[in-house]
file input.txt (compact mmCIF, C-alpha atoms and all ligand atoms)
# COMPACT_ATOMS: atom_id res chain seq x y z
CA MET H 176 18.67 -17.30 11.24
CA PRO H 177 15.02 -16.52 12.11
CA ALA H 178 12.37 -19.11 11.25
CA ILE H 179 10.19 -16.36 9.76
CA GLN H 180 11.13 -12.89 8.59
CA ILE H 181 8.51 -10.52 7.20
CA ASP H 182 9.44 -6.96 6.19
CA ASP H 183 6.78 -4.46 5.10
CA LEU H 184 4.47 -7.08 3.60
CA THR H 185 1.49 -5.73 1.65
CA ARG H 186 -1.11 -7.82 -0.17
CA ALA H 187 -4.46 -6.69 -1.60
CA TYR H 188 -7.34 -8.46 -3.32
CA GLY H 189 -8.61 -5.87 -5.80
CA ASP H 190 -9.37 -2.81 -3.74
CA VAL H 191 -9.38 -4.71 -0.40
CA THR H 192 -6.01 -4.44 1.32
CA ALA H 193 -5.74 -7.64 3.37
CA VAL H 194 -2.20 -7.07 4.73
CA GLU H 195 -0.55 -3.67 4.92
CA GLU H 196 3.12 -2.94 5.74
CA LEU H 197 3.32 -5.93 8.12
CA SER H 198 6.73 -6.61 9.67
CA LEU H 199 7.41 -9.56 11.97
CA THR H 200 10.29 -11.83 12.94
CA VAL H 201 9.76 -15.24 14.56
CA ALA H 202 12.79 -17.01 16.05
CA GLU H 203 13.36 -20.73 15.67
CA GLY H 204 11.79 -22.69 18.52
CA GLU H 205 8.81 -20.42 19.09
CA LEU H 206 5.18 -21.48 19.28
CA PHE H 207 3.89 -18.30 17.74
CA GLY H 208 0.24 -17.28 17.57
CA LEU H 209 -1.07 -14.95 14.90
CA LEU H 210 -4.18 -13.71 16.71
CA GLY H 211 -6.77 -11.45 15.16
CA PRO H 212 -10.48 -10.92 14.51
CA ASN H 213 -12.19 -12.20 11.36
CA GLY H 214 -10.73 -10.57 8.26
CA ALA H 215 -7.58 -9.32 10.04
CA GLY H 216 -5.20 -10.73 7.41
CA LYS H 217 -3.98 -13.88 9.16
CA THR H 218 -4.76 -16.34 6.36
CA THR H 219 -3.35 -14.01 3.72
CA THR H 220 -0.07 -13.74 5.68
CA MET H 221 0.10 -17.52 6.06
CA GLU H 222 -0.57 -18.03 2.34
CA VAL H 223 2.28 -15.69 1.41
CA LEU H 224 4.66 -17.46 3.83
CA THR H 225 3.80 -20.88 2.41
CA GLY H 226 4.19 -19.85 -1.22
CA GLN H 227 0.49 -20.08 -2.10
CA ILE H 228 0.09 -16.43 -3.10
CA VAL H 229 2.64 -13.72 -3.93
CA PRO H 230 2.80 -10.38 -2.11
CA ASP H 231 2.28 -7.02 -3.81
CA SER H 232 5.32 -5.65 -2.00
CA GLY H 233 7.63 -6.47 0.90
CA ARG H 234 10.12 -9.19 1.66
CA VAL H 235 9.43 -12.60 3.20
CA ARG H 236 11.78 -15.42 4.24
CA VAL H 237 11.11 -18.87 5.79
CA LEU H 238 14.31 -20.34 7.26
CA GLY H 239 16.15 -17.99 4.90
CA VAL H 240 14.27 -19.15 1.80
CA ASP H 241 12.12 -16.79 -0.29
CA PRO H 242 8.66 -18.35 -0.91
CA VAL H 243 8.12 -15.98 -3.84
CA THR H 244 11.12 -17.11 -5.88
CA GLU H 245 11.45 -20.63 -4.38
CA PRO H 246 7.93 -21.82 -3.45
CA THR H 247 8.83 -25.49 -3.97
CA ALA H 248 11.83 -25.24 -1.63
CA VAL H 249 9.64 -23.63 1.04
CA ARG H 250 6.94 -26.29 0.65
CA GLU H 251 9.59 -28.97 1.22
CA LEU H 252 10.74 -27.26 4.43
CA VAL H 253 7.38 -26.69 6.06
CA GLY H 254 4.21 -28.47 7.11
CA VAL H 255 0.89 -26.73 6.52
CA LEU H 256 -2.66 -27.20 7.74
CA PRO H 257 -4.63 -24.50 5.93
CA GLU H 258 -8.04 -23.14 6.80
CA LYS H 259 -11.03 -25.31 5.84
CA GLU H 260 -9.10 -28.31 4.49
CA SER H 261 -10.02 -31.95 4.96
CA PRO H 262 -8.58 -35.25 3.74
CA PRO H 263 -9.76 -36.24 0.22
CA SER H 264 -13.24 -37.71 0.68
CA PHE H 265 -12.44 -40.79 -1.45
CA MET H 266 -9.38 -41.83 0.60
CA THR H 267 -9.04 -43.56 3.95
CA PRO H 268 -6.67 -41.98 6.50
CA ARG H 269 -4.17 -44.78 5.83
CA GLU H 270 -4.24 -44.05 2.09
CA TYR H 271 -3.91 -40.33 2.80
CA PHE H 272 -0.79 -40.95 4.91
CA ASP H 273 0.63 -43.17 2.14
CA PHE H 274 0.06 -40.26 -0.22
CA VAL H 275 1.65 -37.70 2.15
CA GLY H 276 4.57 -40.07 2.73
CA ALA H 277 5.13 -40.46 -1.02
CA VAL H 278 5.03 -36.69 -1.61
CA ARG H 279 7.41 -36.18 1.32
CA GLY H 280 9.82 -38.92 0.19
CA LEU H 281 9.37 -41.24 3.20
CA ASP H 282 9.97 -44.99 2.87
CA ASP H 283 7.19 -47.53 3.54
CA GLU H 284 8.52 -48.48 6.96
CA ALA H 285 8.56 -44.84 8.13
CA VAL H 286 5.04 -44.28 6.75
CA ASP H 287 3.67 -47.34 8.60
CA GLU H 288 5.38 -46.38 11.84
CA ARG H 289 4.21 -42.76 11.72
CA THR H 290 0.67 -43.79 10.75
CA ASP H 291 0.47 -45.98 13.86
CA THR H 292 2.08 -43.32 16.08
CA TRP H 293 -0.39 -40.63 15.00
CA ALA H 294 -3.42 -42.94 15.17
CA GLU H 295 -2.43 -43.78 18.74
CA ARG H 296 -1.54 -40.18 19.68
CA LEU H 297 -4.87 -38.70 18.58
CA GLY H 298 -7.04 -41.79 19.01
CA PHE H 299 -8.25 -42.69 15.52
CA ALA H 300 -6.76 -46.20 15.08
CA GLU H 301 -10.19 -47.76 14.53
CA LYS H 302 -10.86 -45.26 11.70
CA LEU H 303 -7.65 -45.80 9.72
CA ASP H 304 -9.47 -47.78 7.02
CA THR H 305 -12.69 -45.74 6.94
CA MET H 306 -13.34 -43.49 3.93
CA ALA H 307 -12.77 -39.85 4.89
CA THR H 308 -16.29 -38.95 3.76
CA ASP H 309 -17.54 -41.16 6.62
CA LEU H 310 -15.39 -39.46 9.28
CA SER H 311 -16.72 -36.77 11.60
CA ARG H 312 -15.37 -33.22 11.21
CA GLY H 313 -13.19 -33.71 14.30
CA GLN H 314 -11.84 -37.02 13.02
CA GLN H 315 -10.95 -35.35 9.72
CA GLN H 316 -9.18 -32.58 11.65
CA LYS H 317 -7.09 -35.20 13.50
CA VAL H 318 -5.99 -36.70 10.17
CA MET H 319 -5.08 -33.27 8.78
CA ILE H 320 -3.02 -32.39 11.89
CA ALA H 321 -1.14 -35.67 11.54
CA GLY H 322 -0.57 -34.94 7.83
CA ALA H 323 0.93 -31.51 8.56
CA PHE H 324 3.50 -32.98 10.97
CA PHE H 325 4.00 -36.28 9.16
CA HIS H 326 7.44 -35.53 7.68
CA GLU H 327 8.55 -33.79 10.92
CA PRO H 328 9.22 -30.38 9.37
CA ALA H 329 11.22 -27.69 11.19
CA VAL H 330 8.44 -25.13 10.64
CA VAL H 331 4.71 -25.90 10.75
CA PHE H 332 1.80 -23.54 9.98
CA ILE H 333 -1.61 -24.50 11.37
CA ASP H 334 -4.87 -22.64 11.11
CA GLU H 335 -7.07 -23.03 14.22
CA PRO H 336 -5.38 -26.24 15.47
CA LEU H 337 -8.03 -27.08 18.06
CA ALA H 338 -11.13 -26.44 15.92
CA ASN H 339 -13.71 -29.25 16.04
CA LEU H 340 -11.76 -31.31 18.59
CA ASP H 341 -13.21 -32.59 21.86
CA PRO H 342 -11.52 -31.46 25.12
CA ILE H 343 -9.53 -34.69 25.53
CA VAL H 344 -8.05 -34.50 22.04
CA GLN H 345 -7.46 -30.76 22.47
CA GLU H 346 -5.27 -31.53 25.49
CA ARG H 347 -3.36 -34.17 23.52
CA VAL H 348 -2.77 -31.77 20.64
CA LYS H 349 -1.63 -29.02 23.01
CA ARG H 350 0.81 -31.40 24.68
CA PHE H 351 2.15 -32.53 21.32
CA LEU H 352 2.59 -28.93 20.09
CA ARG H 353 4.53 -27.99 23.24
CA GLU H 354 6.77 -31.06 22.94
CA TYR H 355 7.38 -30.41 19.25
CA ARG H 356 8.41 -26.86 20.06
CA GLU H 357 10.63 -28.03 22.94
CA ALA H 358 12.45 -30.26 20.43
CA GLY H 359 13.55 -27.04 18.69
CA ASN H 360 10.93 -26.73 15.96
CA THR H 361 8.85 -23.65 15.14
CA ILE H 362 5.04 -23.64 15.04
CA ILE H 363 2.93 -20.77 13.74
CA ILE H 364 -0.76 -20.99 14.56
CA THR H 365 -3.45 -18.63 13.34
CA THR H 366 -6.44 -18.22 15.60
CA HIS H 367 -9.08 -15.82 16.78
CA ASP H 368 -9.37 -17.70 20.08
CA VAL H 369 -7.70 -15.54 22.74
CA ASP H 370 -7.77 -18.32 25.36
CA VAL H 371 -6.01 -20.78 23.04
CA ALA H 372 -3.35 -18.20 22.17
CA ALA H 373 -2.82 -17.23 25.82
CA GLU H 374 -2.50 -20.80 27.05
CA LEU H 375 -0.53 -22.33 24.22
CA CYS H 376 1.74 -19.74 22.63
CA SER H 377 5.17 -18.56 23.72
CA ARG H 378 4.54 -15.35 21.80
CA VAL H 379 1.45 -13.79 20.24
CA GLY H 380 1.24 -11.22 17.46
CA VAL H 381 -2.12 -9.44 17.38
CA VAL H 382 -3.11 -8.58 13.81
CA HIS H 383 -5.84 -6.10 12.96
CA GLY H 384 -6.67 -4.36 9.71
CA GLY H 385 -3.73 -6.06 8.02
CA GLY H 386 -1.09 -4.79 10.46
CA LEU H 387 0.59 -5.96 13.66
CA VAL H 388 -0.93 -4.05 16.57
CA ALA H 389 0.65 -5.94 19.52
CA ASP H 390 3.52 -8.37 20.13
CA VAL H 391 3.13 -10.12 23.48
CA ARG H 392 4.63 -12.95 25.52
CA PRO H 393 1.57 -14.27 27.42
CA ALA H 394 3.73 -15.65 30.25
CA GLU H 395 5.00 -12.13 30.95
CA LEU H 396 1.55 -10.52 31.23
CA SER H 397 0.34 -9.56 34.71
CA ALA H 398 -2.98 -10.59 36.24
CA GLU H 399 -4.15 -6.98 35.74
CA GLU H 400 -3.65 -7.09 31.99
CA THR H 401 -4.70 -10.33 30.30
CA LEU H 402 -4.22 -11.15 26.63
CA LEU H 403 -7.96 -10.49 26.18
CA ASP H 404 -7.45 -6.95 27.59
CA VAL H 405 -4.57 -6.35 25.15
CA PHE H 406 -6.62 -7.77 22.27
CA LEU H 407 -9.73 -5.67 22.97
CA ASP H 408 -7.64 -2.56 23.51
CA ARG H 409 -5.60 -2.93 20.31
CA VAL H 410 -8.43 -3.93 18.02
CA ASP H 411 -10.40 -1.00 19.38
CA ALA H 412 -13.33 -3.14 20.45
CA THR H 413 -15.68 -3.43 23.37
CA VAL H 414 -17.66 -6.52 24.24
CA GLU H 415 -20.80 -4.37 24.25
CA GLY H 416 -20.08 -2.59 20.97
CA GLY H 417 -18.53 -5.41 18.95
CA VAL H 418 -15.33 -5.41 16.97
CA ALA H 419 -14.49 -2.28 14.99
CA ALA H 420 -14.72 -2.76 11.24
CA ASP H 421 -11.27 -3.29 9.76
CA ASP H 422 -12.00 -2.76 6.11
N1 LIG J 1 -9.69 -14.31 -2.30
C1 LIG J 1 -10.08 -13.13 -1.80
N2 LIG J 1 -10.71 -12.22 -2.56
C2 LIG J 1 -11.09 -11.02 -2.08
N3 LIG J 1 -10.90 -10.64 -0.80
C3 LIG J 1 -10.28 -11.51 0.03
C4 LIG J 1 -9.85 -12.80 -0.42
N4 LIG J 1 -9.27 -13.44 0.63
C5 LIG J 1 -9.35 -12.60 1.68
N5 LIG J 1 -9.95 -11.43 1.32
C6 LIG J 1 -10.19 -10.26 2.19
O1 LIG J 1 -8.96 -9.91 2.79
C7 LIG J 1 -9.13 -9.56 4.15
C8 LIG J 1 -8.26 -10.46 5.02
O2 LIG J 1 -8.72 -11.80 4.90
P1 LIG J 1 -7.96 -13.03 5.60
O3 LIG J 1 -8.63 -14.27 5.12
O4 LIG J 1 -6.51 -12.90 5.40
O5 LIG J 1 -8.30 -12.76 7.16
P2 LIG J 1 -8.24 -13.74 8.42
O6 LIG J 1 -7.59 -12.94 9.50
O7 LIG J 1 -7.63 -15.03 8.08
O8 LIG J 1 -9.79 -13.92 8.77
P3 LIG J 1 -10.61 -15.17 9.46
O9 LIG J 1 -10.22 -15.21 10.90
O10 LIG J 1 -12.02 -14.74 9.28
O11 LIG J 1 -10.26 -16.41 8.70
C9 LIG J 1 -10.63 -9.65 4.43
O12 LIG J 1 -11.19 -8.37 4.29
C10 LIG J 1 -11.13 -10.60 3.33
O13 LIG J 1 -12.47 -10.28 3.00
call {"tool": "encode", "arguments": {"input": "input.txt", "output": "structure tokens", "more": "lines below"}}
Ligand SMILES: Nc1ncnc2c1ncn2[C@@H]1O[C@H](COP(=O)(O)OP(=O)(O)OP(=O)(O)O)[C@@H](O)[C@H]1O
result
Amino acid sequence: MPAIQIDDLTRAYGDVTAVEELSLTVAEGELFGLLGPNGAGKTTTMEVLTGQIVPDSGRVRVLGVDPVTEPTAVRELVGVLPEKESPPSFMTPREYFDFVGAVRGLDDEAVDERTDTWAERLGFAEKLDTMATDLSRGQQQKVMIAGAFFHEPAVVFIDEPLANLDPIVQERVKRFLREYREAGNTIIITTHDVDVAAELCSRVGVVHGGGLVADVRPAELSAEETLLDVFLDRVDATVEGGVAADD
């Protein structure tokens, strides 16, 4: 069974078509990158897959479950770090993990152990009891990454996983993502950073104007054709002329 199956997905906001006839299958165990310029339809696709919005047409499955008819079942299966989210400002990271643990049905011992593991892994142990409003943007991002993986879901969706992180933490997150994938899990990242997609992902789908315009395994690209070359070619852009309007 594929981790993700999307057939002819279309979703509009009023007269703006954000995703149009998008089809894509992601196998279990992939670290898949949804790469595209601003406004390409990445977030909309992710929101349909995670049961946050319903499509206008098309068929979507996450580990065989339909997020349209069974959004609660999908939310139990997956971890999500959406765009622009931060821990509640009035909670400390420790309280936030207690909250995530309660929602995810973890016992106190597991919550304490995972809180310590994540604080150690991403280096925020000294901030565990600091109110989130007093954390830096990068520290908040660390807490949100930990929250998305906290219940060790088989499928995780993350928007721009490395945003706001310093180079040392970026390397730690990359290492963790690779190890998590090697353990058989599936990770879907959305990004407009070509270098991140090329370095991190086993497979990259380039999205533009709401459709899939390339499906690439970065490791199989030659030195003559980098992922940036594919990206610029398929989104019909030049560095001099900027990115073609997609809507
Ligand atoms: N709530 C909304 N109301 C109206 N239009 C929207 C809404 N959300 C997204 N759109 C439009 O849908 C299109 C796709 O947006 P989406 O957020 O899916 O793109 P994206 O690839 O995630 O972009 P970015 O990289 O900038 O986050 C854009 O034209 C955007 O303006």
call {"tool": "residues_near_ligand", "arguments": {"input": "input.txt", "ligand": "ligand LIG 1 (chain J)", "cutoff": "6 Å", "atoms": "all atoms listed in the file", "output": "list in words"}}
result
Tyr188, Ala193, Gly211, Pro212, Asn213, Gly214, Ala215, Gly216, Lys217, Thr218, Thr219 and Asp422 of chain H
call {"tool": "closest_residue", "arguments": {"input": "input.txt", "among": "H:Arg347, H:His326, H:Arg378, H:Arg279", "to": "Ile364 (chain H)", "atoms": "all atoms listed in the file"}}
result
H:Arg378
call {"tool": "closest_residue", "arguments": {"input": "input.txt", "among": "H:Gly204, H:Gly322, H:Pro268, H:Gly385", "to": "Pro177 (chain H)", "atoms": "all atoms listed in the file"}}
result
H:Gly204
call {"tool": "atom_distance", "arguments": {"input": "input.txt", "atom1": "CA of Val255 (chain H)", "atom2": "CA of Ala285 (chain H)"}}
result
19.7 Å
call {"tool": "closest_residue", "arguments": {"input": "input.txt", "among": "H:Gly359, H:Gly208, H:Pro246, H:Gly189", "to": "Leu375 (chain H)", "atoms": "all atoms listed in the file"}}
result
H:Gly208
call {"tool": "atom_distance", "arguments": {"input": "input.txt", "atom1": "CA of Thr292 (chain H)", "atom2": "CA of Phe324 (chain H)"}}
result
11.6 Å
call {"tool": "residues_around", "arguments": {"input": "input.txt", "residues": "Val229 (chain H)", "least_positions_apart": "2", "cutoff": "8 Å", "atoms": "all atoms listed in the file", "output": "short mmCIF file (atom, residue, chain, number, x, y, z; two decimals) with C-alpha atoms, in the frame of the given file"}}
result
data_model
loop_
_atom_site.label_atom_id
_atom_site.label_comp_id
_atom_site.auth_asym_id
_atom_site.auth_seq_id
_atom_site.Cartn_x
_atom_site.Cartn_y
_atom_site.Cartn_z
CA ARG H 186 -1.11 -7.82 -0.17
CA VAL H 223 2.28 -15.69 1.41
CA GLY H 226 4.19 -19.85 -1.22
CA GLN H 227 0.49 -20.08 -2.10
CA ASP H 231 2.28 -7.02 -3.81
CA VAL H 243 8.12 -15.98 -3.84
#
call {"tool": "atom_distance", "arguments": {"input": "input.txt", "atom1": "CA of Val253 (chain H)", "atom2": "CA of Leu337 (chain H)"}}
result
19.5 Å
call {"tool": "residues_around", "arguments": {"input": "input.txt", "residues": "region 390-406 of chain H", "least_positions_apart": "4", "cutoff": "10 Å", "atoms": "only C-alpha atoms", "output": "number ranges by chain"}}
result
H: 199, 207-212, 368-370, 372-383, 410-413
call {"tool": "closest_residue", "arguments": {"input": "input.txt", "among": "H:Thr220, H:Arg269, H:Asp190, H:Gly239", "to": "Glu301 (chain H)", "atoms": "all atoms listed in the file"}}
result
H:Arg269
call {"tool": "closest_residue", "arguments": {"input": "input.txt", "among": "H:Thr247, H:Asn339, H:Thr365, H:Thr185", "to": "Leu206 (chain H)", "atoms": "only C-alpha atoms"}}
result
H:Thr365
call {"tool": "residues_around", "arguments": {"input": "input.txt", "residues": "Ala277 (chain H)", "least_positions_apart": "5", "cutoff": "12 Å", "atoms": "all atoms listed in the file", "output": "mmCIF file with C-alpha atoms, in the coordinates of the input"}}
result
data_model
loop_
_atom_site.group_PDB
_atom_site.id
_atom_site.type_symbol
_atom_site.label_atom_id
_atom_site.label_comp_id
_atom_site.auth_asym_id
_atom_site.auth_seq_id
_atom_site.Cartn_x
_atom_site.Cartn_y
_atom_site.Cartn_z
ATOM 1 C CA GLU H 270 -4.240 -44.050 2.090
ATOM 2 C CA TYR H 271 -3.910 -40.330 2.800
ATOM 3 C CA PHE H 272 -0.790 -40.950 4.910
ATOM 4 C CA ASP H 282 9.970 -44.990 2.870
ATOM 5 C CA ASP H 283 7.190 -47.530 3.540
ATOM 6 C CA GLU H 284 8.520 -48.480 6.960
ATOM 7 C CA ALA H 285 8.560 -44.840 8.130
ATOM 8 C CA VAL H 286 5.040 -44.280 6.750
ATOM 9 C CA ASP H 287 3.670 -47.340 8.600
ATOM 10 C CA GLY H 322 -0.570 -34.940 7.830
ATOM 11 C CA PHE H 325 4.000 -36.280 9.160
ATOM 12 C CA HIS H 326 7.440 -35.530 7.680
#
call {"tool": "closest_residue", "arguments": {"input": "input.txt", "among": "H:Leu387, H:Leu297, H:Ala307, H:Met319", "to": "Arg350 (chain H)", "atoms": "all atoms listed in the file"}}
result
H:Leu297
call {"tool": "residues_around", "arguments": {"input": "input.txt", "residues": "Glu251 (chain H)", "least_positions_apart": "2", "cutoff": "12 Å", "atoms": "only C-alpha atoms", "output": "PyMOL selection string"}}
result
chain H and resi 225-226+237-238+240+242+245-249+253-255+275+278-280+323+326-331
